[in-house]
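Structure file protein_35.pdb; described as PDB, C-alpha atoms.
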ATOM      1  CA  MET A   1     -53.363 -16.435   2.767
ATOM      2  CA  ALA A   2     -54.988 -14.160   0.181
ATOM      3  CA  GLN A   3     -53.637 -14.707  -3.319
ATOM      4  CA  ASP A   4     -53.461 -12.149  -6.095
ATOM      5  CA  ASP A   5     -55.994 -13.077  -8.808
ATOM      6  CA  THR A   6     -53.268 -12.721 -11.425
ATOM      7  CA  CYS A   7     -51.226 -15.523  -9.847
ATOM      8  CA  SER A   8     -51.587 -19.103 -10.995
ATOM      9  CA  SER A   9     -50.033 -22.299  -9.709
ATOM     10  CA  GLY A  10     -47.217 -23.844 -11.642
ATOM     11  CA  LYS A  11     -47.984 -26.821 -13.889
ATOM     12  CA  THR A  12     -45.970 -29.079 -11.616
ATOM     13  CA  GLY A  13     -48.194 -28.259  -8.659
ATOM     14  CA  TYR A  14     -45.501 -26.172  -7.009
ATOM     15  CA  PRO A  15     -46.157 -22.464  -6.239
ATOM     16  CA  SER A  16     -45.348 -20.089  -9.079
ATOM     17  CA  ASP A  17     -42.866 -17.195  -8.672
ATOM     18  CA  CYS A  18     -45.854 -14.868  -8.460
ATOM     19  CA  GLU A  19     -47.401 -16.897  -5.636
ATOM     20  CA  LEU A  20     -44.116 -16.980  -3.754
ATOM     21  CA  THR A  21     -43.807 -13.207  -4.055
ATOM     22  CA  GLN A  22     -47.376 -12.743  -2.831
ATOM     23  CA  ALA A  23     -46.700 -15.053   0.114
ATOM     24  CA  LEU A  24     -43.613 -13.081   1.117
ATOM     25  CA  LEU A  25     -45.520  -9.800   0.856
ATOM     26  CA  GLU A  26     -48.340 -11.165   2.968
ATOM     27  CA  LYS A  27     -45.936 -12.434   5.595
ATOM     28  CA  ALA A  28     -44.060  -9.117   5.677
ATOM     29  CA  ARG A  29     -47.311  -7.167   5.971
ATOM     30  CA  ASN A  30     -48.597  -9.352   8.800
ATOM     31  CA  ARG A  31     -45.312  -8.992  10.642
ATOM     32  CA  GLN A  32     -45.380  -5.225  10.184
ATOM     33  CA  GLU A  33     -48.980  -5.012  11.375
ATOM     34  CA  SER A  34     -48.100  -7.071  14.448
ATOM     35  CA  THR A  35     -45.320  -4.602  15.296
ATOM     36  CA  GLU A  36     -46.538  -2.046  17.803
ATOM     37  CA  ARG A  37     -47.593   1.162  16.064
ATOM     38  CA  GLY A  38     -48.854   3.363  18.832
ATOM     39  CA  TYR A  39     -50.843   6.567  18.912
ATOM     40  CA  VAL A  40     -47.803   8.800  18.402
ATOM     41  CA  TRP A  41     -46.720   6.903  15.267
ATOM     42  CA  LYS A  42     -50.206   7.146  13.788
ATOM     43  CA  SER A  43     -50.588  10.803  14.743
ATOM     44  CA  CYS A  44     -47.364  11.609  12.867
ATOM     45  CA  LEU A  45     -48.481  10.065   9.571
ATOM     46  CA  PRO A  46     -50.392  13.189   8.409
ATOM     47  CA  LYS A  47     -47.357  15.356   9.245
ATOM     48  CA  ALA A  48     -45.014  13.067   7.300
ATOM     49  CA  LYS A  49     -47.271  12.489   4.295
ATOM     50  CA  GLY A  50     -46.503  15.787   2.569
ATOM     51  CA  LEU A  51     -42.724  15.770   3.076
ATOM     52  CA  LYS A  52     -40.561  16.565   0.060
ATOM     53  CA  LEU A  53     -37.273  17.018   1.922
ATOM     54  CA  PHE A  54     -35.932  15.161   4.972
ATOM     55  CA  LEU A  55     -32.920  16.700   6.700
ATOM     56  CA  LEU A  56     -30.668  14.909   9.170
ATOM     57  CA  ASP A  57     -28.082  15.799  11.740
ATOM     58  CA  VAL A  58     -25.090  13.441  11.690
ATOM     59  CA  ASP A  59     -23.445  13.031  15.110
ATOM     60  CA  GLY A  60     -25.865  11.381  17.512
ATOM     61  CA  VAL A  61     -28.408  10.660  14.760
ATOM     62  CA  LEU A  62     -26.674   8.846  11.899
ATOM     63  CA  THR A  63     -23.944   7.896  14.383
ATOM     64  CA  ASP A  64     -23.986   7.127  18.089
ATOM     65  CA  GLY A  65     -22.209  10.426  18.759
ATOM     66  CA  THR A  66     -18.856   8.793  19.482
ATOM     67  CA  ILE A  67     -15.818  10.342  17.780
ATOM     68  CA  THR A  68     -12.652   8.246  17.470
ATOM     69  CA  TYR A  69      -9.286   9.613  16.327
ATOM     70  CA  THR A  70      -6.528   7.531  14.763
ATOM     71  CA  HIS A  71      -2.852   8.077  15.636
ATOM     72  CA  GLU A  72      -2.646  10.180  12.488
ATOM     73  CA  GLY A  73      -5.424  12.437  13.751
ATOM     74  CA  ASN A  74      -8.073  11.193  11.318
ATOM     75  CA  GLU A  75     -11.649  11.004  12.547
ATOM     76  CA  ILE A  76     -13.550   7.705  12.459
ATOM     77  CA  LYS A  77     -17.333   7.433  12.422
ATOM     78  CA  SER A  78     -19.564   4.361  12.233
ATOM     79  CA  PHE A  79     -22.825   4.279  10.277
ATOM     80  CA  HIS A  80     -25.634   1.724  10.364
ATOM     81  CA  THR A  81     -26.395  -0.063   7.093
ATOM     82  CA  ARG A  82     -30.143  -0.118   7.756
ATOM     83  CA  ASP A  83     -30.148   3.659   8.126
ATOM     84  CA  GLY A  84     -28.448   3.828   4.749
ATOM     85  CA  LEU A  85     -31.072   1.671   3.076
ATOM     86  CA  GLY A  86     -33.830   3.721   4.679
ATOM     87  CA  ILE A  87     -32.350   6.872   3.158
ATOM     88  CA  ARG A  88     -32.118   5.214  -0.258
ATOM     89  CA  LEU A  89     -35.743   4.102   0.000
ATOM     90  CA  LEU A  90     -36.840   7.636   0.818
ATOM     91  CA  MET A  91     -35.029   8.980  -2.221
ATOM     92  CA  GLU A  92     -36.552   6.241  -4.377
ATOM     93  CA  SER A  93     -39.972   7.342  -3.157
ATOM     94  CA  GLY A  94     -39.309  10.927  -4.262
ATOM     95  CA  VAL A  95     -38.227  12.486  -0.952
ATOM     96  CA  GLU A  96     -34.948  14.404  -1.150
ATOM     97  CA  VAL A  97     -32.523  13.864   1.743
ATOM     98  CA  GLY A  98     -29.951  16.279   3.134
ATOM     99  CA  LEU A  99     -27.404  16.387   5.956
ATOM    100  CA  ILE A 100     -26.665  19.405   8.152
ATOM    101  CA  THR A 101     -23.871  18.940  10.670
ATOM    102  CA  ALA A 102     -21.820  21.306  12.804
ATOM    103  CA  ARG A 103     -18.683  19.193  12.333
ATOM    104  CA  GLU A 104     -16.667  18.323   9.245
ATOM    105  CA  SER A 105     -15.483  14.815   8.474
ATOM    106  CA  GLU A 106     -14.119  12.916   5.507
ATOM    107  CA  ALA A 107     -16.123   9.939   6.741
ATOM    108  CA  VAL A 108     -19.304  11.940   6.113
ATOM    109  CA  ASN A 109     -18.110  12.774   2.598
ATOM    110  CA  ARG A 110     -17.584   9.088   1.911
ATOM    111  CA  ARG A 111     -20.988   8.156   3.312
ATOM    112  CA  VAL A 112     -22.920  10.701   1.248
ATOM    113  CA  GLN A 113     -21.079   9.559  -1.886
ATOM    114  CA  ASP A 114     -22.072   5.965  -1.163
ATOM    115  CA  LEU A 115     -25.718   6.929  -0.653
ATOM    116  CA  GLY A 116     -25.987   9.587  -3.341
ATOM    117  CA  ILE A 117     -27.215  12.309  -0.973
ATOM    118  CA  LYS A 118     -27.423  15.592  -2.862
ATOM    119  CA  TYR A 119     -27.639  18.227  -0.123
ATOM    120  CA  VAL A 120     -24.754  18.166   2.369
ATOM    121  CA  PHE A 121     -23.705  20.989   4.697
ATOM    122  CA  GLN A 122     -20.759  20.466   7.043
ATOM    123  CA  LYS A 123     -19.295  22.952   9.567
ATOM    124  CA  ALA A 124     -22.817  24.375   9.775
ATOM    125  CA  LYS A 125     -22.943  26.609  12.836
ATOM    126  CA  ASN A 126     -26.136  28.296  11.641
ATOM    127  CA  LYS A 127     -28.442  25.416  10.746
ATOM    128  CA  LEU A 128     -31.464  27.696  10.593
ATOM    129  CA  GLY A 129     -29.812  29.810   7.883
ATOM    130  CA  ILE A 130     -29.187  26.712   5.763
ATOM    131  CA  PHE A 131     -32.782  25.599   6.277
ATOM    132  CA  GLU A 132     -34.097  28.963   5.060
ATOM    133  CA  HIS A 133     -31.730  28.820   2.072
ATOM    134  CA  LEU A 134     -33.056  25.381   1.102
ATOM    135  CA  LEU A 135     -36.659  26.559   1.374
ATOM    136  CA  LYS A 136     -35.940  29.271  -1.193
ATOM    137  CA  GLU A 137     -33.759  27.120  -3.466
ATOM    138  CA  LEU A 138     -36.260  24.252  -3.609
ATOM    139  CA  ASN A 139     -39.380  26.415  -3.377
ATOM    140  CA  LEU A 140     -40.662  24.551  -0.332
ATOM    141  CA  GLN A 141     -42.860  25.395   2.616
ATOM    142  CA  PRO A 142     -41.652  24.514   6.153
ATOM    143  CA  SER A 143     -44.512  21.994   6.356
ATOM    144  CA  GLU A 144     -42.915  20.075   3.459
ATOM    145  CA  VAL A 145     -39.628  19.567   5.325
ATOM    146  CA  GLY A 146     -38.755  17.093   8.065
ATOM    147  CA  TYR A 147     -35.738  17.212  10.353
ATOM    148  CA  MET A 148     -34.139  14.742  12.738
ATOM    149  CA  GLY A 149     -31.727  16.023  15.381
ATOM    150  CA  ASP A 150     -30.697  15.218  18.922
ATOM    151  CA  ASP A 151     -29.165  18.258  20.659
ATOM    152  CA  TRP A 152     -29.516  21.989  21.337
ATOM    153  CA  LEU A 153     -28.095  23.035  17.956
ATOM    154  CA  ASP A 154     -31.046  21.278  16.340
ATOM    155  CA  LEU A 155     -33.781  23.067  18.287
ATOM    156  CA  PRO A 156     -34.249  26.024  15.878
ATOM    157  CA  LEU A 157     -35.023  23.607  13.025
ATOM    158  CA  LEU A 158     -37.074  21.164  15.039
ATOM    159  CA  VAL A 159     -39.550  23.878  16.047
ATOM    160  CA  ARG A 160     -39.965  25.132  12.455
ATOM    161  CA  VAL A 161     -40.268  22.037  10.272
ATOM    162  CA  GLY A 162     -43.485  20.218   9.480
ATOM    163  CA  PHE A 163     -42.219  16.963  10.973
ATOM    164  CA  ALA A 164     -39.663  16.894  13.800
ATOM    165  CA  ALA A 165     -38.067  13.588  14.814
ATOM    166  CA  THR A 166     -35.351  12.553  17.208
ATOM    167  CA  VAL A 167     -33.555   9.545  18.652
ATOM    168  CA  GLU A 168     -34.301   7.671  21.861
ATOM    169  CA  ASP A 169     -31.200   9.076  23.603
ATOM    170  CA  ALA A 170     -31.610  12.745  22.628
ATOM    171  CA  VAL A 171     -31.263  15.529  25.198
ATOM    172  CA  PRO A 172     -34.429  16.268  27.235
ATOM    173  CA  GLU A 173     -35.144  19.573  25.515
ATOM    174  CA  VAL A 174     -35.302  17.854  22.126
ATOM    175  CA  LEU A 175     -37.370  14.952  23.436
ATOM    176  CA  GLN A 176     -39.958  17.436  24.679
ATOM    177  CA  ILE A 177     -40.591  19.129  21.322
ATOM    178  CA  ALA A 178     -40.133  16.344  18.763
ATOM    179  CA  HIS A 179     -43.253  15.022  17.073
ATOM    180  CA  TYR A 180     -41.751  11.539  17.014
ATOM    181  CA  VAL A 181     -39.107   9.917  19.221
ATOM    182  CA  ALA A 182     -37.584   6.764  17.740
ATOM    183  CA  LYS A 183     -37.393   3.660  19.894
ATOM    184  CA  ARG A 184     -33.781   3.210  18.795
ATOM    185  CA  LYS A 185     -30.688   5.220  19.647
ATOM    186  CA  GLY A 186     -28.616   7.308  17.278
ATOM    187  CA  GLY A 187     -26.466   5.215  14.955
ATOM    188  CA  ARG A 188     -28.495   2.114  15.836
ATOM    189  CA  GLY A 189     -31.303   2.190  13.291
ATOM    190  CA  ALA A 190     -33.250   5.223  14.552
ATOM    191  CA  VAL A 191     -33.078   6.902  11.138
ATOM    192  CA  ARG A 192     -34.424   3.781   9.425
ATOM    193  CA  GLU A 193     -37.329   3.738  11.883
ATOM    194  CA  VAL A 194     -38.286   7.289  10.924
ATOM    195  CA  CYS A 195     -37.774   6.551   7.225
ATOM    196  CA  ASP A 196     -40.234   3.657   7.598
ATOM    197  CA  LEU A 197     -42.747   6.029   9.171
ATOM    198  CA  ILE A 198     -42.431   8.474   6.258
ATOM    199  CA  LEU A 199     -42.756   5.657   3.711
ATOM    200  CA  GLU A 200     -45.892   4.413   5.436
ATOM    201  CA  ALA A 201     -47.325   7.927   5.471
ATOM    202  CA  LYS A 202     -46.739   8.233   1.736
ATOM    203  CA  GLY A 203     -48.042   4.763   0.987
ATOM    204  CA  THR A 204     -44.878   3.763  -0.873
ATOM    205  CA  GLY A 205     -43.385   1.224   1.515
ATOM    206  CA  ARG A 206     -45.125  -1.860   0.147
ATOM    207  CA  VAL A 207     -44.414  -0.901  -3.474
ATOM    208  CA  LEU A 208     -40.706  -0.635  -2.681
ATOM    209  CA  LEU A 209     -40.768  -3.913  -0.729
ATOM    210  CA  GLU A 210     -42.313  -5.694  -3.694
ATOM    211  CA  LYS A 211     -39.622  -4.253  -5.939
ATOM    212  CA  TYR A 212     -36.861  -5.630  -3.714
ATOM    213  CA  LEU A 213     -38.534  -9.039  -3.455
ATOM    214  CA  LYS A 214     -38.447  -9.324  -7.235
ATOM    215  CA  ILE A 215     -34.741  -8.554  -7.572
TER
END

Hey, can you dump this file as structure tokens for me?
Amino acid sequence: MAQDDTCSSGKTGYPSDCELTQALLEKARNRQESTERGYVWKSCLPKAKGLKLFLLDVDGVLTDGTITYTHEGNEIKSFHTRDGLGIRLLMESGVEVGLITARESEAVNRRVQDLGIKYVFQKAKNKLGIFEHLLKELNLQPSEVGYMGDDWLDLPLLVRVGFAATVEDAVPEVLQIAHYVAKRKGGRGAVREVCDLILEAKGTGRVLLEKYLKI
């Protein structure tokens, strides 16, 4: 294992905190490198490198698309914790995150509050109009925006953004045009997978990992 030159062994002969951190980083990197990163993943890195805003659909992307109603008529949605951390990591790396969904749910309001997501649009029947509004408000080019959707309502955005992603169980029309198709299904870590791709493209993933190892 390669050691950082700034690390030194403890006086007792046991590894220092620095050496332990380096060992964990090395192990994490080797594990990541052993994970299959195929041609499509690598070909998407240039597209993802310049992203300043990453937009997400909710139903079928952040959730598995299932909608459950209580006896009182309230809507229940389930979100994956790893997707949530992926979103936080993106924001820590300087990429803004936004949600655009055709439905409206209090569960979504609660989730965005937990994650600190700034741009949230519910009951959005015209997703393209919101996209164009955000381009003007944030002074962005389409190439600087990524979007992840799974169904027909997402097609107008997916064909315009610089980086288009989708989930493994998206509809065929979306699968055909997306730059990257996650190996995971909606609500099952697909968003985290794409967040990892963006972090790798920007070269910020290891810096953030080291930060979390030192907590």

Given all atoms listed in the file as the counted atoms, nearest of A:Arg160, A:His133, A:His179, A:Lys127 to A:Arg103: A:Lys127

Neighbour list for stretch 109-121 of chain A as a ChimeraX atom specification, cut-off 10 Å, all atoms listed in the file, skip fewer than 2 positions in-chain: /A:53,55-57,77-79,84-85,87-88,91,96-107,123-125,127,130,134

Quick check on the file I pasted: which residues fall under the PyMOL selection byres ((chain A and resi 201-206) around 7)? Write them as a tab-separated table (two decimals) with C-alpha atoms, in the frame of the given file.
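Generated output (selection.tsv):
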chain	number	residue	atom	x	y	z
A	45	LEU	CA	-48.48	10.06	9.57
A	46	PRO	CA	-50.39	13.19	8.41
A	48	ALA	CA	-45.01	13.07	7.30
A	49	LYS	CA	-47.27	12.49	4.30
A	93	SER	CA	-39.97	7.34	-3.16
A	197	LEU	CA	-42.75	6.03	9.17
A	198	ILE	CA	-42.43	8.47	6.26
A	199	LEU	CA	-42.76	5.66	3.71
A	200	GLU	CA	-45.89	4.41	5.44
A	207	VAL	CA	-44.41	-0.90	-3.47
A	208	LEU	CA	-40.71	-0.64	-2.68
A	209	LEU	CA	-40.77	-3.91	-0.73
A	210	GLU	CA	-42.31	-5.69	-3.69

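When the PyMOL selection byres ((chain A and resi 185) around 6) is run on the displayed coordinates, the residues it returns are Val167, Glu168, Asp169, Arg184, Gly186, Arg188 and Ala190 of chain A.
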
Select, from A:Asp64, A:Glu144, A:Asp59, A:Asp154, the residue with the minimum atom-to-atom distance to A:Ile177, counting all atoms listed in the file.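 For A:Ile177, the nearest of the candidates is A:Asp154.
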